[in-house]
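Report on the structure given below.
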Amino acid sequence: MTRVPAPDFGALGVVVGHATDDDGATGLTVVRGASAPFRASVAIIGRATGTRELDALSPRHLVDRIDAVLLTGGSAYGLDAAAGVMRWMEERRRGFSVGDGVVPIVPAAVVFDLAPLGRFTARPTAAMAYDAADRATPVVEEGSIGAGTGTTVGKAGGVTHAMKGGVGAALAFADNATVGALAVVNAFGDVRDAQGRIIAGARREGKFLDSARMLREQTAVPRFGRVAMQNTTLAVVITSAPLSRVELQQLAHAASAALLRRITPAGTTFDGDVVFALAPLEGRAAPPVQIEMLAIGALEDAIERGVRAARGRGGIPGLADGGIA
C-alpha cells in the first residue's frame, strides 16, 4: 500500500517528539508549541483514565495556557515522565511566570501497555520525555513508536486475538483554517475505515469477530480479566484558529465523534479515552463549528493511519506487515 507522506504540523506552530523503549514495548509522545504556549481544553470520553494536570484545562482555571501535552505508556507509572518535559521547558524559561521563575504546565494522559508485548516493569521515564521534547519536529512519525510502541486494538476478543495499534496523524484543510490530529490507538474495540469496514481488531482464524456485534448479541462473552484495564485511545486536535477555552472544550467533545465512528465500541467502561484540543493565542479566526468538522475528519484519518502504520510484534499482527494472521 502506498503511504501518504507523514503529516507536517509546522503551519500549526506545533512539534511532536517520540521516545521509544522497544525492548520494553513502551514509550511516550510529547506535543509542544514550537516556540510559544497555546490554549487548551479536554474531553474525557472513557471511564478508565489515567491523567495529570487536567484541571489546568478547565475554562475556570487560573492558568490560561499550557506548554505541552504528554501522551505516555506505562499506565499511571508513566505520569512521572512529565517531569522531563517540565525540565526541558524550565531550562528555556517557558512556563507560567511565578516571579523568580516559571512553572511549565504539562497535562498528561496514559495508555495501559504494561505487557503483554513487553515487560511489566518497563515504564517511560523523565529522561525519555526530556529527549522527546528536545527532538520534537513538525513532521510526525507514525506507527509503532512513542506512546504507540506497545499498543493493541480489538482486545474485546482477548489479547491473543488482538492486533497491533500505533500512533497516527493527519491534517484537514479549509481556505481559512487548518486542523491537525494525533491519535495513540490502544482500543478495546475494533478500528474501521471510512466505509465502516473493520480493518484491525479482534480476529480468529483470519476473520474479524466484530467486537460490537459480539458484545451486543453476547454470542461469545470473553473472560476479560486484566484486558479490562488495557485500553485507551488518546487524541490531540490542533487548530490554526485562536479559539477560547470554552470553544476548545466544545471542540474536544465534538472531535470525540471520530472515536465513535472509527472505533467500535469506544469510550467503554474498559477504555480511558481522552481528547485534547489545542489552539494558538493569536491567528486568523474561523467559525468554531467549521473547526469542529475539520477536527472530526482529521482525527478519523489519524486513527486509521495509526493502525495502518503499526508493525506486529510478540505474535500480535499489524497491518504494516501485510494483513491479519
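Here's how to read the names in the C-alpha cells: chain A, B, ... by the order shown, residue numbers from 1 in each chain, ligand numbers from 1 in the order shown.
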
Per residue of range 138-201 of chain A within 12 Å of range 238-258 of chain A, which atom pair is closest and at what distance in Å (one decimal), using only C-alpha atoms, listed by chain and increasing number, as a Markdown table?
| residue | atom | partner | partner_atom | distance |
| --- | --- | --- | --- | --- |
| A:Ala169 | CA | A:Ile238 | CA | 11.0 |
| A:Ala170 | CA | A:Ile238 | CA | 10.5 |
| A:Leu171 | CA | A:Ile238 | CA | 9.3 |
| A:Ala172 | CA | A:Thr239 | CA | 9.6 |
| A:Phe173 | CA | A:Ser240 | CA | 10.1 |
| A:Ala174 | CA | A:Ser240 | CA | 10.7 |
| A:Asp175 | CA | A:Ser240 | CA | 11.6 |
| A:Asn176 | CA | A:Ala241 | CA | 8.6 |
| A:Ala177 | CA | A:Ser240 | CA | 5.9 |
| A:Thr178 | CA | A:Ser240 | CA | 5.5 |
| A:Val179 | CA | A:Thr239 | CA | 4.4 |
| A:Gly180 | CA | A:Ile238 | CA | 5.0 |
| A:Ala181 | CA | A:Ile238 | CA | 6.3 |
| A:Leu182 | CA | A:Ile238 | CA | 8.6 |
| A:Ala183 | CA | A:Ala258 | CA | 10.6 |
| A:Val191 | CA | A:Ala258 | CA | 11.0 |
| A:Arg192 | CA | A:Ala258 | CA | 10.7 |
| A:Asp193 | CA | A:Ala258 | CA | 11.1 |
| A:Ala194 | CA | A:Ala258 | CA | 10.4 |

Report the closest atom pair, with its distance in Å rounded to one decimal, for each residue of range 96-143 of chain A that has an atom no farther than 12 Å from range 267-279 of chain A; count only C-alpha atoms, sort by chain and then rising residue number, and write it as a Markdown table.
| residue | atom | partner | partner_atom | distance |
| --- | --- | --- | --- | --- |
| A:Pro107 | CA | A:Phe276 | CA | 9.4 |
| A:Ala108 | CA | A:Phe276 | CA | 9.7 |
| A:Ala109 | CA | A:Val274 | CA | 7.4 |
| A:Val110 | CA | A:Gly272 | CA | 8.1 |
| A:Val111 | CA | A:Gly272 | CA | 7.4 |
| A:Phe112 | CA | A:Gly272 | CA | 8.9 |

Convert the current residue selection to file output with N, CA, C and O atoms, as a PDB file, in the first residue's frame.
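again_26.pdb, freshly written:
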ATOM      1  N   PRO A 107      -0.128  19.002  30.945  1.00  0.00           N
ATOM      2  CA  PRO A 107      -1.132  17.956  31.141  1.00  0.00           C
ATOM      3  C   PRO A 107      -0.683  16.645  30.472  1.00  0.00           C
ATOM      4  O   PRO A 107       0.037  16.661  29.464  1.00  0.00           O
ATOM      5  N   ALA A 108      -1.129  15.523  31.038  1.00  0.00           N
ATOM      6  CA  ALA A 108      -0.696  14.224  30.526  1.00  0.00           C
ATOM      7  C   ALA A 108      -1.818  13.210  30.641  1.00  0.00           C
ATOM      8  O   ALA A 108      -2.706  13.327  31.500  1.00  0.00           O
ATOM      9  N   ALA A 109      -1.767  12.214  29.789  1.00  0.00           N
ATOM     10  CA  ALA A 109      -2.689  11.082  29.856  1.00  0.00           C
ATOM     11  C   ALA A 109      -1.930   9.830  29.445  1.00  0.00           C
ATOM     12  O   ALA A 109      -0.956   9.896  28.694  1.00  0.00           O
ATOM     13  N   VAL A 110      -2.400   8.678  29.944  1.00  0.00           N
ATOM     14  CA  VAL A 110      -1.666   7.430  29.761  1.00  0.00           C
ATOM     15  C   VAL A 110      -2.485   6.385  29.008  1.00  0.00           C
ATOM     16  O   VAL A 110      -3.715   6.409  29.019  1.00  0.00           O
ATOM     17  N   VAL A 111      -1.751   5.467  28.377  1.00  0.00           N
ATOM     18  CA  VAL A 111      -2.328   4.208  27.914  1.00  0.00           C
ATOM     19  C   VAL A 111      -1.766   3.084  28.781  1.00  0.00           C
ATOM     20  O   VAL A 111      -0.694   3.212  29.367  1.00  0.00           O
ATOM     21  N   PHE A 112      -2.513   2.005  28.859  1.00  0.00           N
ATOM     22  CA  PHE A 112      -2.048   0.830  29.598  1.00  0.00           C
ATOM     23  C   PHE A 112      -1.320  -0.086  28.624  1.00  0.00           C
ATOM     24  O   PHE A 112      -1.910  -0.626  27.700  1.00  0.00           O
TER      25      PHE A 112
END

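Considering only C-alpha atoms, the residue among A:Ala132, A:Ala122, A:Leu281, A:Leu319 positioned nearest to Pro37 in chain A is A:Leu281.
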
Write out as a ChimeraX atom specification which residues come within 9 Å of Thr29 in chain A when counting only C-alpha atoms, dropping same-chain ones fewer than 2 positions away.
-> /A:16-20,27,31,69-73,129,132-133,145-148,184

How far is it from CA of Pro5 in chain A to CA of Val140 in chain A, in Å with one decimal?
-> 9.7 Å

Could I get the residues of range 120-151 of chain A with an atom no further than 12 Å from an atom of range 84-99 of chain A, each paired with its nearest atom pair and that distance in Å to one decimal, using only C-alpha atoms, sorted by chain and residue number, as a tab-separated table?
residue	atom	partner	partner_atom	distance
A:Pro124	CA	A:Gly84	CA	10.4
A:Thr125	CA	A:Gly84	CA	7.6
A:Ala126	CA	A:Gly84	CA	4.0
A:Ala127	CA	A:Gly84	CA	5.7
A:Met128	CA	A:Gly84	CA	7.2
A:Ala129	CA	A:Gly84	CA	5.0
A:Tyr130	CA	A:Gly84	CA	4.4
A:Asp131	CA	A:Gly84	CA	8.0
A:Ala132	CA	A:Val85	CA	8.2
A:Ala133	CA	A:Val85	CA	6.2
A:Asp134	CA	A:Trp88	CA	7.2
A:Arg135	CA	A:Trp88	CA	11.0
A:Ala136	CA	A:Val85	CA	11.3

Cut-off 9 Å: closest range 209-271 of chain A/range 302-308 of chain A atom pairs per residue, using only C-alpha atoms, as a Markdown table:
| residue | atom | partner | partner_atom | distance |
| --- | --- | --- | --- | --- |
| A:Thr233 | CA | A:Ile303 | CA | 8.8 |
| A:Ala235 | CA | A:Ile303 | CA | 8.7 |
| A:Ala258 | CA | A:Ile303 | CA | 8.3 |
| A:Leu259 | CA | A:Ile303 | CA | 7.9 |
| A:Arg262 | CA | A:Ile303 | CA | 7.2 |
| A:Ile263 | CA | A:Ile303 | CA | 8.4 |

Dump of N, CA, C and O atoms for the selected residues, as a short mmCIF file (atom, residue, chain, number, x, y, z; two decimals), in the first residue's frame:
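What landed in selection.cif:
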data_model
loop_
_atom_site.label_atom_id
_atom_site.label_comp_id
_atom_site.auth_asym_id
_atom_site.auth_seq_id
_atom_site.Cartn_x
_atom_site.Cartn_y
_atom_site.Cartn_z
N THR A 233 -7.60 5.11 23.92
CA THR A 233 -7.19 5.88 22.76
C THR A 233 -7.02 7.33 23.21
O THR A 233 -7.95 7.92 23.76
N ALA A 235 -6.02 11.25 22.07
CA ALA A 235 -6.04 12.06 20.86
C ALA A 235 -5.77 13.52 21.19
O ALA A 235 -6.12 14.01 22.27
N ALA A 258 -15.17 11.24 16.21
CA ALA A 258 -14.28 10.42 15.38
C ALA A 258 -14.00 9.07 16.03
O ALA A 258 -13.92 8.04 15.35
N LEU A 259 -13.85 9.06 17.36
CA LEU A 259 -13.63 7.79 18.06
C LEU A 259 -14.84 6.89 17.90
O LEU A 259 -14.70 5.68 17.64
N ARG A 262 -14.96 5.49 14.25
CA ARG A 262 -13.88 4.64 13.77
C ARG A 262 -13.50 3.52 14.72
O ARG A 262 -12.79 2.59 14.31
N ILE A 263 -13.92 3.57 15.99
CA ILE A 263 -13.59 2.52 16.95
C ILE A 263 -14.89 1.99 17.53
O ILE A 263 -15.67 2.75 18.12
#

Could you write out, as an mmCIF file with N, CA and C atoms, in the first residue's frame, all the residues of range 90-318 of chain A that DSSP marks as alpha helix (DSSP H)?
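states_4.cif, freshly written:
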data_model
loop_
_atom_site.group_PDB
_atom_site.id
_atom_site.type_symbol
_atom_site.label_atom_id
_atom_site.label_comp_id
_atom_site.auth_asym_id
_atom_site.auth_seq_id
_atom_site.Cartn_x
_atom_site.Cartn_y
_atom_site.Cartn_z
ATOM 1 N N GLU A 90 11.597 24.448 31.621
ATOM 2 C CA GLU A 90 12.155 25.357 32.616
ATOM 3 C C GLU A 90 13.529 25.861 32.186
ATOM 4 N N GLU A 91 14.343 25.001 31.603
ATOM 5 C CA GLU A 91 15.674 25.415 31.153
ATOM 6 C C GLU A 91 15.593 26.530 30.111
ATOM 7 N N ALA A 126 11.399 10.232 32.893
ATOM 8 C CA ALA A 126 11.570 11.669 32.676
ATOM 9 C C ALA A 126 12.665 11.951 31.661
ATOM 10 N N ALA A 127 13.734 11.138 31.675
ATOM 11 C CA ALA A 127 14.813 11.321 30.702
ATOM 12 C C ALA A 127 14.306 11.099 29.273
ATOM 13 N N MET A 128 13.431 10.110 29.089
ATOM 14 C CA MET A 128 12.851 9.870 27.771
ATOM 15 C C MET A 128 11.995 11.059 27.337
ATOM 16 N N ALA A 129 11.240 11.620 28.271
ATOM 17 C CA ALA A 129 10.373 12.747 27.938
ATOM 18 C C ALA A 129 11.186 13.984 27.588
ATOM 19 N N TYR A 130 12.270 14.219 28.307
ATOM 20 C CA TYR A 130 13.157 15.347 28.001
ATOM 21 C C TYR A 130 13.697 15.182 26.583
ATOM 22 N N ASP A 131 14.129 13.983 26.252
ATOM 23 C CA ASP A 131 14.690 13.719 24.928
ATOM 24 C C ASP A 131 13.634 13.918 23.843
ATOM 25 N N ALA A 132 12.394 13.457 24.103
ATOM 26 C CA ALA A 132 11.328 13.622 23.110
ATOM 27 C C ALA A 132 11.014 15.092 22.893
ATOM 28 N N ALA A 133 10.980 15.875 23.984
ATOM 29 C CA ALA A 133 10.731 17.304 23.852
ATOM 30 C C ALA A 133 11.845 17.993 23.073
ATOM 31 N N ASP A 134 13.064 17.547 23.308
ATOM 32 C CA ASP A 134 14.218 18.169 22.663
ATOM 33 C C ASP A 134 14.285 17.837 21.175
ATOM 34 N N ARG A 135 13.868 16.651 20.800
ATOM 35 C CA ARG A 135 13.977 16.201 19.411
ATOM 36 C C ARG A 135 12.694 16.396 18.614
ATOM 37 N N SER A 211 -16.355 -6.925 17.268
ATOM 38 C CA SER A 211 -16.484 -6.842 18.721
ATOM 39 C C SER A 211 -17.814 -6.246 19.164
ATOM 40 N N ALA A 212 -18.265 -5.179 18.509
ATOM 41 C CA ALA A 212 -19.516 -4.543 18.919
ATOM 42 C C ALA A 212 -20.689 -5.500 18.784
ATOM 43 N N ARG A 213 -20.755 -6.214 17.669
ATOM 44 C CA ARG A 213 -21.841 -7.172 17.479
ATOM 45 C C ARG A 213 -21.736 -8.313 18.478
ATOM 46 N N MET A 214 -20.512 -8.809 18.684
ATOM 47 C CA MET A 214 -20.313 -9.912 19.622
ATOM 48 C C MET A 214 -20.765 -9.535 21.027
ATOM 49 N N LEU A 215 -20.408 -8.336 21.453
ATOM 50 C CA LEU A 215 -20.792 -7.899 22.790
ATOM 51 C C LEU A 215 -22.284 -7.596 22.880
ATOM 52 N N ARG A 216 -22.830 -7.029 21.810
ATOM 53 C CA ARG A 216 -24.261 -6.700 21.797
ATOM 54 C C ARG A 216 -25.115 -7.963 21.831
ATOM 55 N N GLU A 217 -24.740 -8.933 21.025
ATOM 56 C CA GLU A 217 -25.522 -10.165 20.943
ATOM 57 C C GLU A 217 -25.076 -11.207 21.945
ATOM 58 N N ARG A 245 -11.067 28.998 25.534
ATOM 59 C CA ARG A 245 -11.037 27.702 26.213
ATOM 60 C C ARG A 245 -12.410 27.037 26.236
ATOM 61 N N VAL A 246 -13.482 27.832 26.296
ATOM 62 C CA VAL A 246 -14.819 27.248 26.207
ATOM 63 C C VAL A 246 -15.013 26.620 24.831
ATOM 64 N N GLU A 247 -14.619 27.341 23.791
ATOM 65 C CA GLU A 247 -14.734 26.797 22.437
ATOM 66 C C GLU A 247 -13.850 25.570 22.262
ATOM 67 N N LEU A 248 -12.680 25.555 22.893
ATOM 68 C CA LEU A 248 -11.804 24.390 22.808
ATOM 69 C C LEU A 248 -12.400 23.190 23.534
ATOM 70 N N GLN A 249 -13.059 23.439 24.652
ATOM 71 C CA GLN A 249 -13.730 22.345 25.344
ATOM 72 C C GLN A 249 -14.816 21.741 24.459
ATOM 73 N N GLN A 250 -15.561 22.609 23.772
ATOM 74 C CA GLN A 250 -16.576 22.127 22.850
ATOM 75 C C GLN A 250 -15.938 21.381 21.682
ATOM 76 N N LEU A 251 -14.788 21.882 21.212
ATOM 77 C CA LEU A 251 -14.085 21.219 20.113
ATOM 78 C C LEU A 251 -13.633 19.820 20.515
ATOM 79 N N ALA A 252 -13.084 19.676 21.711
ATOM 80 C CA ALA A 252 -12.625 18.364 22.172
ATOM 81 C C ALA A 252 -13.776 17.368 22.206
ATOM 82 N N HIS A 253 -14.933 17.817 22.717
ATOM 83 C CA HIS A 253 -16.094 16.916 22.762
ATOM 84 C C HIS A 253 -16.587 16.596 21.355
ATOM 85 N N ALA A 254 -16.622 17.602 20.479
ATOM 86 C CA ALA A 254 -17.079 17.359 19.109
ATOM 87 C C ALA A 254 -16.162 16.369 18.400
ATOM 88 N N ALA A 255 -14.851 16.527 18.593
ATOM 89 C CA ALA A 255 -13.887 15.649 17.914
ATOM 90 C C ALA A 255 -14.022 14.205 18.361
ATOM 91 N N ALA A 257 -16.431 12.466 18.300
ATOM 92 C CA ALA A 257 -17.261 11.727 17.347
ATOM 93 C C ALA A 257 -16.413 10.831 16.457
ATOM 94 N N ALA A 258 -15.172 11.238 16.210
ATOM 95 C CA ALA A 258 -14.279 10.422 15.381
ATOM 96 C C ALA A 258 -14.003 9.072 16.032
ATOM 97 N N LEU A 259 -13.847 9.056 17.361
ATOM 98 C CA LEU A 259 -13.626 7.787 18.057
ATOM 99 C C LEU A 259 -14.840 6.887 17.898
ATOM 100 N N LEU A 260 -16.035 7.454 18.043
ATOM 101 C CA LEU A 260 -17.254 6.649 17.967
ATOM 102 C C LEU A 260 -17.503 6.132 16.559
ATOM 103 N N ARG A 261 -17.026 6.858 15.556
ATOM 104 C CA ARG A 261 -17.205 6.404 14.177
ATOM 105 C C ARG A 261 -16.186 5.344 13.790
ATOM 106 N N ARG A 262 -14.960 5.491 14.255
ATOM 107 C CA ARG A 262 -13.882 4.637 13.768
ATOM 108 C C ARG A 262 -13.498 3.516 14.719
ATOM 109 N N PRO A 288 -16.156 28.318 14.865
ATOM 110 C CA PRO A 288 -15.880 27.116 15.662
ATOM 111 C C PRO A 288 -16.506 25.843 15.098
ATOM 112 N N VAL A 289 -17.718 25.945 14.540
ATOM 113 C CA VAL A 289 -18.353 24.736 14.015
ATOM 114 C C VAL A 289 -17.590 24.203 12.809
ATOM 115 N N GLN A 290 -16.989 25.089 12.012
ATOM 116 C CA GLN A 290 -16.165 24.633 10.893
ATOM 117 C C GLN A 290 -14.936 23.903 11.409
ATOM 118 N N ILE A 291 -14.318 24.449 12.448
ATOM 119 C CA ILE A 291 -13.152 23.795 13.047
ATOM 120 C C ILE A 291 -13.536 22.423 13.583
ATOM 121 N N GLU A 292 -14.707 22.315 14.184
ATOM 122 C CA GLU A 292 -15.147 21.023 14.715
ATOM 123 C C GLU A 292 -15.263 19.983 13.601
ATOM 124 N N MET A 293 -15.832 20.370 12.465
ATOM 125 C CA MET A 293 -15.985 19.418 11.363
ATOM 126 C C MET A 293 -14.619 18.996 10.807
ATOM 127 N N LEU A 294 -13.706 19.950 10.705
ATOM 128 C CA LEU A 294 -12.358 19.617 10.244
ATOM 129 C C LEU A 294 -11.671 18.678 11.227
ATOM 130 N N ALA A 295 -11.866 18.925 12.526
ATOM 131 C CA ALA A 295 -11.213 18.108 13.545
ATOM 132 C C ALA A 295 -11.721 16.670 13.523
ATOM 133 N N ILE A 296 -13.017 16.502 13.329
ATOM 134 C CA ILE A 296 -13.570 15.143 13.261
ATOM 135 C C ILE A 296 -12.940 14.388 12.101
ATOM 136 N N GLY A 297 -12.870 15.032 10.941
ATOM 137 C CA GLY A 297 -12.279 14.363 9.779
ATOM 138 C C GLY A 297 -10.815 14.046 9.974
ATOM 139 N N ALA A 298 -10.054 14.991 10.530
ATOM 140 C CA ALA A 298 -8.628 14.757 10.743
ATOM 141 C C ALA A 298 -8.407 13.634 11.743
ATOM 142 N N LEU A 299 -9.187 13.611 12.821
ATOM 143 C CA LEU A 299 -8.991 12.578 13.832
ATOM 144 C C LEU A 299 -9.422 11.209 13.325
ATOM 145 N N GLU A 300 -10.464 11.157 12.524
ATOM 146 C CA GLU A 300 -10.829 9.872 11.901
ATOM 147 C C GLU A 300 -9.655 9.331 11.097
ATOM 148 N N ASP A 301 -9.054 10.180 10.274
ATOM 149 C CA ASP A 301 -7.924 9.744 9.456
ATOM 150 C C ASP A 301 -6.734 9.327 10.333
ATOM 151 N N ALA A 302 -6.490 10.079 11.419
ATOM 152 C CA ALA A 302 -5.357 9.757 12.285
ATOM 153 C C ALA A 302 -5.528 8.399 12.947
ATOM 154 N N ILE A 303 -6.736 8.074 13.365
ATOM 155 C CA ILE A 303 -6.995 6.770 13.980
ATOM 156 C C ILE A 303 -6.707 5.652 12.980
ATOM 157 N N GLU A 304 -7.195 5.810 11.759
ATOM 158 C CA GLU A 304 -6.957 4.784 10.746
ATOM 159 C C GLU A 304 -5.467 4.660 10.424
ATOM 160 N N ARG A 305 -4.801 5.798 10.280
ATOM 161 C CA ARG A 305 -3.369 5.766 9.980
ATOM 162 C C ARG A 305 -2.583 5.104 11.116
ATOM 163 N N GLY A 306 -3.045 5.281 12.351
ATOM 164 C CA GLY A 306 -2.348 4.682 13.483
ATOM 165 C C GLY A 306 -2.275 3.167 13.413
ATOM 166 N N VAL A 307 -3.339 2.524 12.923
ATOM 167 C CA VAL A 307 -3.288 1.062 12.805
ATOM 168 C C VAL A 307 -2.672 0.625 11.484
ATOM 169 N N ARG A 308 -2.851 1.414 10.429
ATOM 170 C CA ARG A 308 -2.246 1.019 9.149
ATOM 171 C C ARG A 308 -0.723 1.075 9.200
#

Rounded to one decimal place, report the CA of Pro317 in chain A-CA of Ala162 in chain A distance in Å.
->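 Separation between CA of Pro317 in chain A and CA of Ala162 in chain A: 7.9 Å.
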
Any idea what the distance is between CA of Asn231 in chain A and CA of Ala6 in chain A?
->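 Taking CA of Asn231 in chain A as the start and CA of Ala6 in chain A as the end point, the length is 25.5 Å.
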
Would you mind listing what lies within 8 Å of Gly165 in chain A as a compact mmCIF listing (two decimals) with N, CA, C and O atoms, in the first residue's frame, with only C-alpha atoms counted and same-chain residues fewer than 6 positions away left out?
# COMPACT_ATOMS: atom_id res chain seq x y z
N GLY A 143 3.14 5.11 13.55
CA GLY A 143 3.27 3.66 13.67
C GLY A 143 3.60 3.20 15.07
O GLY A 143 3.16 3.78 16.07
N SER A 144 4.40 2.15 15.17
CA SER A 144 4.75 1.52 16.45
C SER A 144 5.93 2.26 17.06
O SER A 144 7.06 1.77 17.10
N GLY A 148 2.76 4.74 21.08
CA GLY A 148 2.13 3.64 20.37
C GLY A 148 2.96 2.37 20.29
O GLY A 148 2.56 1.40 19.65
N GLY A 150 3.66 -0.09 22.44
CA GLY A 150 3.09 -1.32 23.00
C GLY A 150 1.59 -1.41 22.90
O GLY A 150 0.97 -2.20 23.61
N THR A 151 0.97 -0.62 22.01
CA THR A 151 -0.49 -0.58 21.95
C THR A 151 -1.06 -1.68 21.05
O THR A 151 -0.44 -2.14 20.11
N THR A 152 -2.30 -2.05 21.37
CA THR A 152 -3.03 -3.07 20.61
C THR A 152 -4.49 -2.63 20.47
O THR A 152 -4.97 -1.78 21.20
N VAL A 153 -5.19 -3.26 19.53
CA VAL A 153 -6.62 -2.97 19.33
C VAL A 153 -7.38 -4.29 19.21
O VAL A 153 -6.81 -5.33 18.91
N VAL A 184 -3.17 8.07 19.54
CA VAL A 184 -2.48 6.89 20.05
C VAL A 184 -3.56 5.84 20.26
O VAL A 184 -4.40 5.97 21.16
N VAL A 185 -3.56 4.80 19.41
CA VAL A 185 -4.69 3.89 19.34
C VAL A 185 -4.38 2.60 20.10
O VAL A 185 -3.52 1.82 19.71
N ASN A 186 -5.12 2.39 21.18
CA ASN A 186 -4.93 1.24 22.08
C ASN A 186 -6.30 0.77 22.55
O ASN A 186 -6.61 0.78 23.74
N ALA A 187 -7.14 0.38 21.60
CA ALA A 187 -8.58 0.28 21.84
C ALA A 187 -9.05 -1.10 22.27
O ALA A 187 -8.53 -2.13 21.84
N GLY A 306 -3.05 5.28 12.35
CA GLY A 306 -2.35 4.68 13.48
C GLY A 306 -2.28 3.17 13.41
O GLY A 306 -1.26 2.57 13.80
N VAL A 307 -3.34 2.52 12.92
CA VAL A 307 -3.29 1.06 12.81
C VAL A 307 -2.67 0.62 11.48
O VAL A 307 -2.02 -0.42 11.42
N ALA A 310 1.06 0.40 11.94
CA ALA A 310 1.54 -0.39 13.07
C ALA A 310 2.17 -1.70 12.62
O ALA A 310 1.60 -2.44 11.82
N GLY A 318 0.25 -6.84 12.72
CA GLY A 318 0.00 -5.43 12.42
C GLY A 318 -0.25 -5.25 10.94
O GLY A 318 0.30 -5.99 10.11

Among the residues of range 17-218 of chain A, find those DSSP assigns to strand (DSSP E or B) from the backbone and print them as a PyMOL selection string.
-> chain A and resi 17-21+26-33+38-44+51-52+66+68-72+96-97+102-103+108-110+137+139+143+152-153+163-164+167-174+177-184+190-192+198-200+203-204+207-208

Using C-alpha atoms, can you write the selected residues to a file as a PDB file, in the first residue's frame?
ATOM      1  CA  GLY A  17       8.577  14.160  19.639  1.00  0.00           C
ATOM      2  CA  HIS A  18       8.649  10.446  20.422  1.00  0.00           C
ATOM      3  CA  ALA A  19      10.772   8.369  22.783  1.00  0.00           C
ATOM      4  CA  THR A  20      10.657   4.588  22.461  1.00  0.00           C
ATOM      5  CA  ASP A  21      11.692   1.686  24.678  1.00  0.00           C
ATOM      6  CA  THR A  26       6.515   1.174  25.808  1.00  0.00           C
ATOM      7  CA  GLY A  27       7.194   4.812  25.077  1.00  0.00           C
ATOM      8  CA  LEU A  28       5.840   8.333  25.084  1.00  0.00           C
ATOM      9  CA  THR A  29       4.923  11.178  22.764  1.00  0.00           C
ATOM     10  CA  VAL A  30       5.276  14.901  23.504  1.00  0.00           C
ATOM     11  CA  VAL A  31       3.224  17.562  21.734  1.00  0.00           C
ATOM     12  CA  ARG A  32       4.551  21.063  22.404  1.00  0.00           C
ATOM     13  CA  GLY A  33       4.465  24.520  20.929  1.00  0.00           C
ATOM     14  CA  PHE A  38      -1.215  27.544  23.491  1.00  0.00           C
ATOM     15  CA  ARG A  39      -4.719  27.483  24.866  1.00  0.00           C
ATOM     16  CA  ALA A  40      -6.122  24.036  25.512  1.00  0.00           C
ATOM     17  CA  SER A  41      -9.024  22.042  26.835  1.00  0.00           C
ATOM     18  CA  VAL A  42     -10.005  18.392  27.086  1.00  0.00           C
ATOM     19  CA  ALA A  43     -12.856  15.904  26.826  1.00  0.00           C
ATOM     20  CA  ILE A  44     -12.818  12.719  28.903  1.00  0.00           C
ATOM     21  CA  THR A  51      -4.264  11.642  33.831  1.00  0.00           C
ATOM     22  CA  ARG A  52      -2.267  14.563  35.249  1.00  0.00           C
ATOM     23  CA  ILE A  66      -0.273  25.305  28.610  1.00  0.00           C
ATOM     24  CA  ALA A  68       2.957  20.824  26.212  1.00  0.00           C
ATOM     25  CA  VAL A  69       0.844  17.677  26.296  1.00  0.00           C
ATOM     26  CA  LEU A  70       2.354  14.314  27.219  1.00  0.00           C
ATOM     27  CA  LEU A  71       0.869  11.073  25.913  1.00  0.00           C
ATOM     28  CA  THR A  72       2.583   8.152  27.587  1.00  0.00           C
ATOM     29  CA  PHE A  96       3.655  30.076  33.862  1.00  0.00           C
ATOM     30  CA  SER A  97       5.530  33.005  35.375  1.00  0.00           C
ATOM     31  CA  VAL A 102       8.399  29.626  35.692  1.00  0.00           C
ATOM     32  CA  VAL A 103       6.213  26.570  36.235  1.00  0.00           C
ATOM     33  CA  ALA A 108      -0.696  14.224  30.526  1.00  0.00           C
ATOM     34  CA  ALA A 109      -2.689  11.082  29.856  1.00  0.00           C
ATOM     35  CA  VAL A 110      -1.666   7.430  29.761  1.00  0.00           C
ATOM     36  CA  THR A 137       9.830  18.172  14.900  1.00  0.00           C
ATOM     37  CA  VAL A 139       6.823  16.184  10.773  1.00  0.00           C
ATOM     38  CA  GLY A 143       3.275   3.661  13.669  1.00  0.00           C
ATOM     39  CA  THR A 152      -3.029  -3.069  20.610  1.00  0.00           C
ATOM     40  CA  VAL A 153      -6.617  -2.971  19.331  1.00  0.00           C
ATOM     41  CA  MET A 163      -3.969  -6.654  16.530  1.00  0.00           C
ATOM     42  CA  LYS A 164      -1.286  -4.003  16.837  1.00  0.00           C
ATOM     43  CA  VAL A 167       0.408   6.418  16.536  1.00  0.00           C
ATOM     44  CA  GLY A 168      -1.327   8.133  13.627  1.00  0.00           C
ATOM     45  CA  ALA A 169      -1.559  11.757  12.494  1.00  0.00           C
ATOM     46  CA  ALA A 170      -3.485  13.666   9.850  1.00  0.00           C
ATOM     47  CA  LEU A 171      -4.402  17.152   8.625  1.00  0.00           C
ATOM     48  CA  ALA A 172      -7.652  18.686   7.362  1.00  0.00           C
ATOM     49  CA  PHE A 173      -7.770  21.951   5.424  1.00  0.00           C
ATOM     50  CA  ALA A 174     -10.175  24.749   4.557  1.00  0.00           C
ATOM     51  CA  ALA A 177      -8.221  27.164   8.691  1.00  0.00           C
ATOM     52  CA  THR A 178      -6.125  24.054   9.219  1.00  0.00           C
ATOM     53  CA  VAL A 179      -6.639  21.338  11.829  1.00  0.00           C
ATOM     54  CA  GLY A 180      -4.190  18.599  12.747  1.00  0.00           C
ATOM     55  CA  ALA A 181      -4.918  15.440  14.710  1.00  0.00           C
ATOM     56  CA  LEU A 182      -2.721  12.933  16.520  1.00  0.00           C
ATOM     57  CA  ALA A 183      -4.008   9.610  17.880  1.00  0.00           C
ATOM     58  CA  VAL A 184      -2.481   6.889  20.047  1.00  0.00           C
ATOM     59  CA  ASP A 190     -12.150  -2.669  16.508  1.00  0.00           C
ATOM     60  CA  VAL A 191     -10.912   0.058  14.144  1.00  0.00           C
ATOM     61  CA  ARG A 192     -12.922   0.757  10.986  1.00  0.00           C
ATOM     62  CA  ILE A 198     -13.222  -3.374  10.163  1.00  0.00           C
ATOM     63  CA  ILE A 199      -9.541  -3.121   9.240  1.00  0.00           C
ATOM     64  CA  ALA A 200      -7.927  -4.022  12.584  1.00  0.00           C
ATOM     65  CA  ARG A 203      -9.924 -11.820  14.985  1.00  0.00           C
ATOM     66  CA  ARG A 204      -9.915 -15.582  14.911  1.00  0.00           C
ATOM     67  CA  LYS A 207     -11.555 -13.363  10.219  1.00  0.00           C
ATOM     68  CA  PHE A 208     -12.728 -10.394  12.260  1.00  0.00           C
TER      69      PHE A 208
END
